[in-house]
$ cat upload-v2.cif   # mmCIF, C-alpha atoms (C1' of nucleotides)
data_structure
loop_
_atom_site.label_atom_id
_atom_site.label_comp_id
_atom_site.auth_asym_id
_atom_site.auth_seq_id
_atom_site.Cartn_x
_atom_site.Cartn_y
_atom_site.Cartn_z
CA MET A 23 -0.12 2.84 -1.73
CA PRO A 24 0.89 -0.16 -3.77
CA GLU A 25 -1.88 -2.76 -3.78
CA LEU A 26 -2.24 -5.83 -6.00
CA PRO A 27 -2.39 -3.97 -9.36
CA GLU A 28 0.68 -1.89 -8.57
CA VAL A 29 2.71 -4.84 -7.25
CA GLU A 30 1.68 -6.99 -10.22
CA THR A 31 2.69 -4.20 -12.61
CA ILE A 32 6.07 -3.98 -10.90
CA ARG A 33 6.46 -7.77 -11.07
CA ARG A 34 5.73 -7.93 -14.80
CA ALA A 35 8.18 -5.13 -15.51
CA LEU A 36 10.94 -6.46 -13.26
CA ILE A 37 10.78 -10.02 -14.53
CA LYS A 38 12.23 -8.81 -17.83
CA ASN A 39 15.01 -6.98 -16.03
CA ILE A 40 16.21 -9.28 -13.26
CA LEU A 41 15.15 -12.90 -13.87
CA HIS A 42 18.18 -15.24 -13.96
CA LYS A 43 20.53 -12.50 -12.82
CA LYS A 44 22.96 -13.06 -9.98
CA ILE A 45 22.88 -10.76 -6.96
CA LYS A 46 26.40 -9.48 -6.44
CA ASP A 47 25.82 -7.75 -3.10
CA VAL A 48 23.32 -5.79 -1.01
CA GLU A 49 23.78 -2.27 0.34
CA ILE A 50 21.62 -1.39 3.33
CA PHE A 51 21.19 2.23 4.38
CA SER A 52 18.13 1.57 6.55
CA PRO A 53 18.92 -1.49 8.71
CA LYS A 54 15.47 -1.66 10.31
CA GLN A 55 13.95 -2.39 6.92
CA PHE A 56 16.00 -5.52 6.17
CA HIS A 57 15.24 -8.74 8.04
CA GLY A 58 17.28 -11.93 7.75
CA ASP A 59 20.80 -13.15 7.15
CA ILE A 60 22.26 -10.72 4.66
CA THR A 61 25.35 -12.90 4.13
CA ARG A 62 23.18 -15.42 2.27
CA VAL A 63 22.04 -12.99 -0.42
CA GLY A 64 25.32 -12.26 -2.20
CA GLY A 65 26.00 -14.71 -5.03
CA ALA A 66 22.41 -15.94 -5.16
CA LYS A 67 20.81 -16.33 -8.59
CA ILE A 68 17.19 -15.26 -9.14
CA THR A 69 15.14 -18.18 -10.45
CA GLY A 70 11.66 -16.72 -10.06
CA LEU A 71 9.73 -13.55 -9.37
CA ARG A 72 6.29 -14.07 -7.84
CA ARG A 73 3.58 -12.21 -5.95
CA LYS A 74 0.87 -13.01 -3.45
CA GLY A 75 -1.39 -10.19 -2.35
CA LYS A 76 0.80 -7.12 -1.96
CA VAL A 77 3.99 -9.11 -1.30
CA LEU A 78 6.50 -9.55 -4.12
CA TYR A 79 9.16 -12.21 -3.68
CA LEU A 80 12.24 -13.45 -5.47
CA GLU A 81 12.92 -17.18 -5.58
CA LEU A 82 16.63 -17.73 -5.20
CA ALA A 83 18.69 -20.68 -6.44
CA ASN A 84 19.91 -21.29 -2.87
CA GLY A 85 16.35 -22.19 -1.84
CA LEU A 86 15.66 -18.94 -0.02
CA TYR A 87 13.12 -16.21 -0.73
CA LEU A 88 13.68 -12.48 -0.79
CA ASN A 89 10.34 -10.83 0.04
CA PHE A 90 9.34 -7.21 -0.52
CA HIS A 91 6.46 -5.26 1.05
CA LEU A 92 6.20 -1.67 -0.19
CA LYS A 93 3.55 -0.58 2.35
CA MET A 94 2.57 3.04 1.60
CA SER A 95 5.56 4.72 0.04
CA GLY A 96 7.84 1.95 -1.20
CA GLU A 97 9.24 1.93 -4.73
CA LEU A 98 11.27 -0.66 -6.62
CA LEU A 99 13.32 1.02 -9.33
CA PHE A 100 15.56 -0.73 -11.79
CA GLY A 101 18.56 1.01 -13.24
CA LYS A 102 22.25 1.61 -13.25
CA LYS A 103 23.88 2.95 -10.13
CA ARG A 104 25.22 6.45 -10.39
CA ASN A 105 28.49 7.33 -8.75
CA VAL A 106 27.45 9.43 -5.77
CA THR A 107 29.08 9.99 -2.43
CA LEU A 108 27.38 12.78 -0.48
CA LYS A 109 23.82 11.94 0.53
CA GLU A 110 22.93 15.60 0.94
CA TYR A 111 23.47 16.19 -2.73
CA LEU A 112 21.18 13.37 -3.80
CA PRO A 113 17.99 14.42 -5.55
CA ARG A 114 14.83 13.93 -3.57
CA THR A 115 13.08 11.60 -6.03
CA GLY A 116 13.18 10.39 -9.58
CA THR A 117 15.02 7.83 -11.64
CA LYS A 118 17.34 10.11 -13.54
CA SER A 119 19.89 9.57 -10.85
CA LEU A 120 19.88 6.55 -8.59
CA PRO A 121 20.27 6.20 -5.70
CA ASN A 122 18.24 9.20 -4.56
CA LYS A 123 17.42 10.61 -1.13
CA HIS A 124 14.85 7.92 -0.37
CA THR A 125 16.93 4.91 -1.38
CA ARG A 126 17.05 2.51 1.60
CA ILE A 127 18.42 -0.71 0.13
CA ILE A 128 20.21 -1.54 -3.13
CA LEU A 129 20.54 -4.99 -4.71
CA ASN A 130 23.51 -4.93 -7.08
CA PHE A 131 23.59 -7.48 -9.89
CA ASP A 132 26.74 -8.92 -11.37
CA ASP A 133 26.09 -7.28 -14.74
CA GLY A 134 26.32 -3.79 -13.22
CA SER A 135 22.58 -3.14 -13.04
CA ALA A 136 20.78 -2.68 -9.72
CA LEU A 137 17.40 -2.75 -7.99
CA PHE A 138 16.70 0.25 -5.74
CA PHE A 139 14.29 -0.05 -2.83
CA ASN A 140 13.16 3.50 -2.11
CA ASP A 141 10.77 4.32 0.71
CA LEU A 142 9.99 7.79 2.02
CA ARG A 143 8.13 6.72 5.16
CA LEU A 144 10.32 3.71 6.05
CA PHE A 145 7.35 1.38 6.64
CA GLY A 146 8.23 -1.11 3.89
CA TRP A 147 10.52 -4.08 4.35
CA ILE A 148 12.66 -6.69 2.66
CA LYS A 149 12.87 -10.14 4.30
CA LEU A 150 15.05 -13.13 3.50
CA THR A 151 13.16 -16.28 4.51
CA ASN A 152 12.96 -20.06 4.05
CA LYS A 153 9.46 -19.84 2.64
CA PRO A 154 7.56 -16.95 1.05
CA ALA A 155 6.55 -14.32 3.65
CA VAL A 156 3.08 -13.90 2.18
CA PRO A 157 -0.38 -13.34 3.67
CA GLY A 158 -2.74 -16.28 4.23
CA GLY A 159 -5.72 -15.00 2.27
CA VAL A 160 -6.70 -16.05 -1.23
CA ASP A 161 -5.07 -13.88 -3.89
CA VAL A 162 -7.58 -11.99 -6.00
CA LEU A 163 -5.95 -13.17 -9.27
CA SER A 164 -5.76 -16.82 -8.21
CA LYS A 165 -8.25 -19.44 -9.36
CA GLU A 166 -9.22 -19.99 -5.71
CA PHE A 167 -10.79 -16.54 -5.60
CA THR A 168 -14.35 -17.27 -6.67
CA ALA A 169 -17.82 -15.91 -5.93
CA PRO A 170 -18.58 -18.92 -3.67
CA TYR A 171 -15.38 -18.20 -1.74
CA LEU A 172 -16.41 -14.56 -1.28
CA LEU A 173 -19.83 -15.74 -0.12
CA THR A 174 -18.23 -18.09 2.42
CA VAL A 175 -15.94 -15.47 3.94
CA GLY A 176 -18.77 -12.91 3.82
CA ARG A 177 -21.12 -15.16 5.73
CA SER A 178 -18.45 -15.81 8.36
CA THR A 179 -18.24 -12.33 9.88
CA THR A 180 -20.26 -9.43 11.18
CA ARG A 181 -17.52 -6.95 10.28
CA PRO A 182 -18.23 -4.22 7.69
CA ILE A 183 -17.73 -5.48 4.14
CA LYS A 184 -15.02 -2.91 3.42
CA ILE A 185 -12.94 -4.09 6.36
CA LEU A 186 -13.33 -7.69 5.19
CA LEU A 187 -12.19 -6.83 1.65
CA MET A 188 -8.99 -5.36 3.09
CA ASP A 189 -8.29 -8.31 5.44
CA GLN A 190 -5.19 -9.89 3.88
CA GLU A 191 -5.77 -13.11 5.82
CA LYS A 192 -9.07 -13.59 3.97
CA ILE A 193 -8.55 -11.89 0.59
CA ALA A 194 -5.03 -10.93 -0.43
CA GLY A 195 -4.30 -7.88 -2.56
CA ILE A 196 -7.11 -5.39 -1.99
CA GLY A 197 -6.20 -2.17 -0.17
CA ASN A 198 -8.02 1.07 0.46
CA ILE A 199 -8.25 2.36 -3.12
CA TYR A 200 -9.67 -0.78 -4.70
CA ALA A 201 -11.94 -1.63 -1.76
CA ASN A 202 -13.61 1.78 -2.13
CA ASP A 203 -13.92 1.59 -5.92
CA SER A 204 -15.10 -2.05 -5.97
CA LEU A 205 -17.88 -1.28 -3.49
CA TRP A 206 -19.04 1.65 -5.61
CA GLU A 207 -19.01 -0.55 -8.72
CA ALA A 208 -21.16 -3.10 -6.87
CA LYS A 209 -23.48 -0.38 -5.43
CA ILE A 210 -22.78 -1.58 -1.89
CA ASN A 211 -22.33 0.69 1.12
CA PRO A 212 -18.92 0.12 2.74
CA LEU A 213 -20.51 0.12 6.22
CA ARG A 214 -22.76 -2.88 5.48
CA LYS A 215 -22.07 -5.86 7.74
CA ALA A 216 -20.62 -8.58 5.52
CA LYS A 217 -23.15 -11.13 6.80
CA THR A 218 -26.11 -9.06 5.63
CA LEU A 219 -25.10 -9.14 1.96
CA THR A 220 -27.38 -11.27 -0.22
CA GLU A 221 -26.01 -13.85 -2.63
CA VAL A 222 -26.85 -11.50 -5.50
CA GLU A 223 -24.95 -8.66 -3.84
CA ILE A 224 -21.94 -10.94 -3.22
CA ASN A 225 -21.96 -11.98 -6.87
CA ASN A 226 -22.09 -8.35 -7.95
CA LEU A 227 -19.26 -7.52 -5.59
CA TYR A 228 -17.19 -10.40 -6.89
CA LYS A 229 -17.63 -9.22 -10.47
CA ALA A 230 -16.88 -5.63 -9.40
CA ILE A 231 -13.61 -6.61 -7.72
CA LYS A 232 -12.46 -8.59 -10.77
CA LYS A 233 -13.42 -5.72 -13.08
CA ILE A 234 -11.76 -2.98 -11.01
CA ILE A 235 -8.56 -4.95 -10.39
CA ALA A 236 -8.28 -5.91 -14.09
CA GLU A 237 -8.82 -2.29 -15.12
CA ALA A 238 -6.24 -1.07 -12.60
CA ILE A 239 -3.70 -3.56 -13.98
CA LYS A 240 -4.54 -2.43 -17.51
CA TYR A 241 -3.71 1.16 -16.49
CA LYS A 242 -0.62 -0.06 -14.61
CA GLY A 243 -1.80 0.99 -11.16
CA SER A 244 -2.61 4.27 -9.41
CA SER A 245 -0.14 7.12 -8.94
CA ALA A 246 -2.36 9.67 -7.20
CA GLN A 247 -1.05 12.86 -5.65
CA ASP A 248 0.02 11.49 -2.30
CA GLU A 249 0.74 8.03 -3.65
CA MET A 250 4.41 7.36 -4.15
CA TYR A 251 3.89 4.43 -6.49
CA VAL A 252 5.80 4.37 -9.75
CA MET A 253 6.87 1.57 -12.09
CA PRO A 254 10.45 0.25 -12.03
CA ASP A 255 11.37 2.70 -14.82
CA GLY A 256 9.95 5.65 -12.86
CA GLN A 257 6.78 6.03 -14.93
CA LYS A 258 3.45 6.63 -13.22
CA GLY A 259 0.35 4.47 -13.46
CA LYS A 260 -2.88 5.89 -14.88
CA TYR A 261 -5.73 4.33 -12.91
CA GLN A 262 -6.02 7.53 -10.82
CA ASN A 263 -7.71 9.04 -13.88
CA HIS A 264 -10.40 6.38 -13.54
CA PHE A 265 -11.19 6.51 -9.81
CA ARG A 266 -14.88 5.85 -9.13
CA VAL A 267 -15.02 7.30 -5.61
CA TYR A 268 -11.51 7.20 -4.16
CA HIS A 269 -10.36 10.76 -3.35
CA ARG A 270 -13.50 12.16 -5.03
CA THR A 271 -15.01 13.76 -1.91
CA GLY A 272 -17.50 16.50 -2.83
CA LYS A 273 -17.60 15.54 -6.50
CA PRO A 274 -20.67 14.12 -8.27
CA CYS A 275 -21.24 10.38 -8.39
CA PHE A 276 -20.79 9.05 -11.93
CA ARG A 277 -24.11 7.19 -11.67
CA ASP A 278 -26.58 9.54 -10.01
CA LYS A 279 -24.66 12.86 -9.74
CA LYS A 280 -25.09 12.96 -5.95
CA ILE A 281 -22.12 14.18 -3.90
CA ILE A 282 -19.48 11.64 -2.87
CA VAL A 283 -18.89 11.68 0.89
CA ALA A 284 -15.86 10.74 2.98
CA ILE A 285 -15.93 9.01 6.34
CA ARG A 286 -13.32 7.12 8.33
CA MET A 287 -13.42 3.38 8.92
CA SER A 288 -10.71 1.84 11.10
CA GLY A 289 -8.68 5.01 10.63
CA ARG A 290 -8.83 4.90 6.84
CA GLY A 291 -10.42 7.27 4.38
CA THR A 292 -13.64 5.76 3.04
CA PHE A 293 -15.42 7.25 0.05
CA TYR A 294 -18.87 6.41 -1.28
CA CYS A 295 -22.08 7.68 -2.80
CA PRO A 296 -24.65 7.87 0.00
CA THR A 297 -27.60 7.39 -2.33
CA CYS A 298 -26.71 4.68 -4.82
CA GLN A 299 -24.51 2.56 -2.56
CA ILE A 300 -27.00 0.82 -0.28
"C1'" DC B 5 -14.58 -12.50 17.69
"C1'" DT B 6 -14.77 -7.47 17.37
"C1'" DG B 7 -13.46 -2.66 17.59
"C1'" DC B 8 -10.38 0.90 19.15
"C1'" DG B 9 -6.31 3.42 19.69
"C1'" DG B 10 -1.34 3.61 19.55
"C1'" DT B 11 2.90 2.70 16.86
"C1'" DC B 12 6.10 3.06 13.13
"C1'" DC B 13 7.69 7.52 9.82
"C1'" DT B 14 8.24 11.73 6.64
"C1'" DG B 15 6.76 15.66 4.43
"C1'" DA B 16 2.81 18.18 2.59
"C1'" DA B 17 -0.65 21.22 4.02
"C1'" DG B 18 -3.04 24.23 7.01
"C1'" DG B 19 -3.33 27.64 10.90
"C1'" DC B 20 -1.91 31.83 12.82
"C1'" DT C 9 7.66 34.69 5.69
"C1'" DG C 10 8.03 31.02 9.10
"C1'" DC C 11 7.14 28.20 12.84
"C1'" DC C 12 4.13 24.83 14.73
"C1'" DT C 13 0.55 21.32 14.50
"C1'" DT C 14 -2.05 18.00 12.06
"C1'" DC C 15 -2.69 14.42 9.04
"C1'" DA C 16 -2.08 10.29 5.83
"C1'" DG C 17 -1.83 5.08 6.12
"C1'" DG C 18 -0.68 -1.17 6.05
"C1'" DA C 19 0.08 -4.08 9.34
"C1'" DC C 20 0.62 -5.21 13.94
"C1'" DC C 21 -0.06 -5.03 18.92
"C1'" DG C 22 -2.25 -4.57 23.40
"C1'" DC C 23 -6.49 -3.89 25.55
"C1'" DA C 24 -11.56 -3.76 26.55
#
$ encode --input "upload-v2.cif" --output "structure tokens"
Amino acid sequence: MPELPEVETIRRALIKNILHKKIKDVEIFSPKQFHGDITRVGGAKITGLRRKGKVLYLELANGLYLNFHLKMSGELLFGKKRNVTLKEYLPRTGTKSLPNKHTRIILNFDDGSALFFNDLRLFGWIKLTNKPAVPGGVDVLSKEFTAPYLLTVGRSTTRPIKILLMDQEKIAGIGNIYANDSLWEAKINPLRKAKTLTEVEINNLYKAIKKIIAEAIKYKGSSAQDEMYVMPDGQKGKYQNHFRVYHRTGKPCFRDKKIIVAIRMSGRGTFYCPTCQI
DNA sequence: CTGCGGTCCTGAAGGC
DNA sequence: TGCCTTCAGGACCGCA
């Protein structure tokens, strides 16, 4: 599922492709996934491409914002539109021919190129708004995200630390993969109540988050088996080859060789080493 | 405030 | 082989 590293990778790739281009028109095949006045998109020039948390948004010259949330299975692919008519004959996935079976919305640019919003599970969305449709939490890559900030939000709740890390209204950008791996890196059990973490543990966790997120960006995100994420050119990320605990149930911990266990927290898979994460 | 369960969806995987 | 059930999950919502 695209989290901060994946969305940031997409942003950096797309900025080269679509900045300063003019949107010719929008094709919507999945009406539930587009929110806003579509008549105000055509003709708009893209003046910026930004991100907060997991939300990517285009700044348009008409003062509006076109926001994207990929949720679990969204993809943003850049390419040239192929001449296809029958949906049944579309390939299931891939960039060799676009659109494909999972294409929900297409932004056509006036130079003949296009941006394809693909989404198998239909949970993602595109919104046209007056101001960026972004979460309220502090973005992990922003200068406001500091160890003292993490200490403040940690002290403010009795919720488990893993749930706090994934709360987009407190910290924006961390999802299930990087919450699990950051907690392993910091040797902290995901079930620990946030309030009970010491200042030393918070500092370690802060450093762990910055390290894991930077490494994930370096490897251009995670494209694990059931993760749909790919870059705008269709290439996969490589952080899945560096998972600490995520999807490593039953395998030995890289620190103490004990077996990684899986539990569920708030309906989400949670992976940790029961001996070295305390 | 907190947790819990349901909801949105498709398709892979597992059971028989 | 094939049908049926289960499961995965980010954000949101109603409820206790």
$ resolve_selection --input "upload-v2.cif" --expression "the PyMOL selection byres ((chain A) within 8 of (chain C))" --output "number ranges by chain"
A: 93-94, 290
$ atom_distance --input "upload-v2.cif" --atom1 "CA of His91 in chain A" --atom2 "CA of Gly159 in chain A"
15.6 Å
$ residues_around --input "upload-v2.cif" --residues "Pro296 in chain A" --least-positions-apart "6" --cutoff "12 Å" --atoms "only C-alpha atoms (C1' of nucleotides)" --output "PyMOL selection string"
chain A and resi 205-206+209-213+267+271-272+274-275+277-285
$ closest_atom_pairs --input "upload-v2.cif" --of "chain B" --to "chain A" --cutoff "9 Å" --atoms "only C-alpha atoms (C1' of nucleotides)" --output "Markdown table"
| residue | atom | partner | partner_atom | distance |
| --- | --- | --- | --- | --- |
| B:DC5 | C1' | A:Thr179 | CA | 8.6 |
| B:DT6 | C1' | A:Arg181 | CA | 7.6 |
| B:DG7 | C1' | A:Ser288 | CA | 8.4 |
| B:DC8 | C1' | A:Ser288 | CA | 8.1 |
| B:DC12 | C1' | A:Phe145 | CA | 6.8 |
| B:DC13 | C1' | A:Arg143 | CA | 4.7 |
| B:DT14 | C1' | A:Arg143 | CA | 5.2 |
| B:DG15 | C1' | A:Leu142 | CA | 8.8 |
| B:DA16 | C1' | A:Asp248 | CA | 8.7 |
$ residues_around --input "upload-v2.cif" --residues "Val48 in chain A" --least-positions-apart "5" --cutoff "7 Å" --atoms "all atoms listed in the file" --output "MDAnalysis selection string"
chainID A and resid 64 128:130
$ resolve_selection --input "upload-v2.cif" --expression "the PyMOL selection byres ((chain A and resi 152) around 8)" --output "PyMOL selection string"
chain A and resi 85-87+150-151+153-154
$ atom_distance --input "upload-v2.cif" --atom1 "CA of Ile239 in chain A" --atom2 "CA of Thr69 in chain A"
24.1 Å
$ atom_distance --input "upload-v2.cif" --atom1 "CA of Tyr200 in chain A" --atom2 "CA of Met250 in chain A"
16.3 Å
$ axis_aligned_box --input "upload-v2.cif" --around "range 13-19 of chain C" --padding-each-side "5 Å" --output "lines of an AutoDock Vina configuration file"
center_x = -1.1
center_y = 8.6
center_z = 10.2
size_x = 13.2
size_y = 35.4
size_z = 18.7
$ residues_around --input "upload-v2.cif" --residues "range 255-257 of chain A" --least-positions-apart "6" --cutoff "12 Å" --atoms "all atoms listed in the file" --output "list in words"
Glu28, Thr31, Ile32, Ala35, Leu36, Lys38, Asn39, Glu97, Leu98, Leu99, Phe100, Gly101, Lys102, Thr115, Gly116, Thr117, Lys118, Ser119, Leu120, Ala136, Leu137, Phe138, Asn140, Tyr241, Lys242, Gly243, Ser244 and Ser245 of chain A
$ resolve_selection --input "upload-v2.cif" --expression "the PyMOL selection byres ((chain A and resi 147) around 9)" --output "short mmCIF file (atom, residue, chain, number, x, y, z; two decimals) with C-alpha atoms, in the coordinates of the input"
data_model
loop_
_atom_site.label_atom_id
_atom_site.label_comp_id
_atom_site.auth_asym_id
_atom_site.auth_seq_id
_atom_site.Cartn_x
_atom_site.Cartn_y
_atom_site.Cartn_z
CA LYS A 54 15.47 -1.66 10.31
CA GLN A 55 13.95 -2.39 6.92
CA PHE A 56 16.00 -5.52 6.17
CA HIS A 57 15.24 -8.74 8.04
CA ASN A 89 10.34 -10.83 0.04
CA PHE A 90 9.34 -7.21 -0.52
CA HIS A 91 6.46 -5.26 1.05
CA LEU A 92 6.20 -1.67 -0.19
CA LYS A 93 3.55 -0.58 2.35
CA GLY A 96 7.84 1.95 -1.20
CA LEU A 144 10.32 3.71 6.05
CA PHE A 145 7.35 1.38 6.64
CA GLY A 146 8.23 -1.11 3.89
CA ILE A 148 12.66 -6.69 2.66
CA LYS A 149 12.87 -10.14 4.30
#
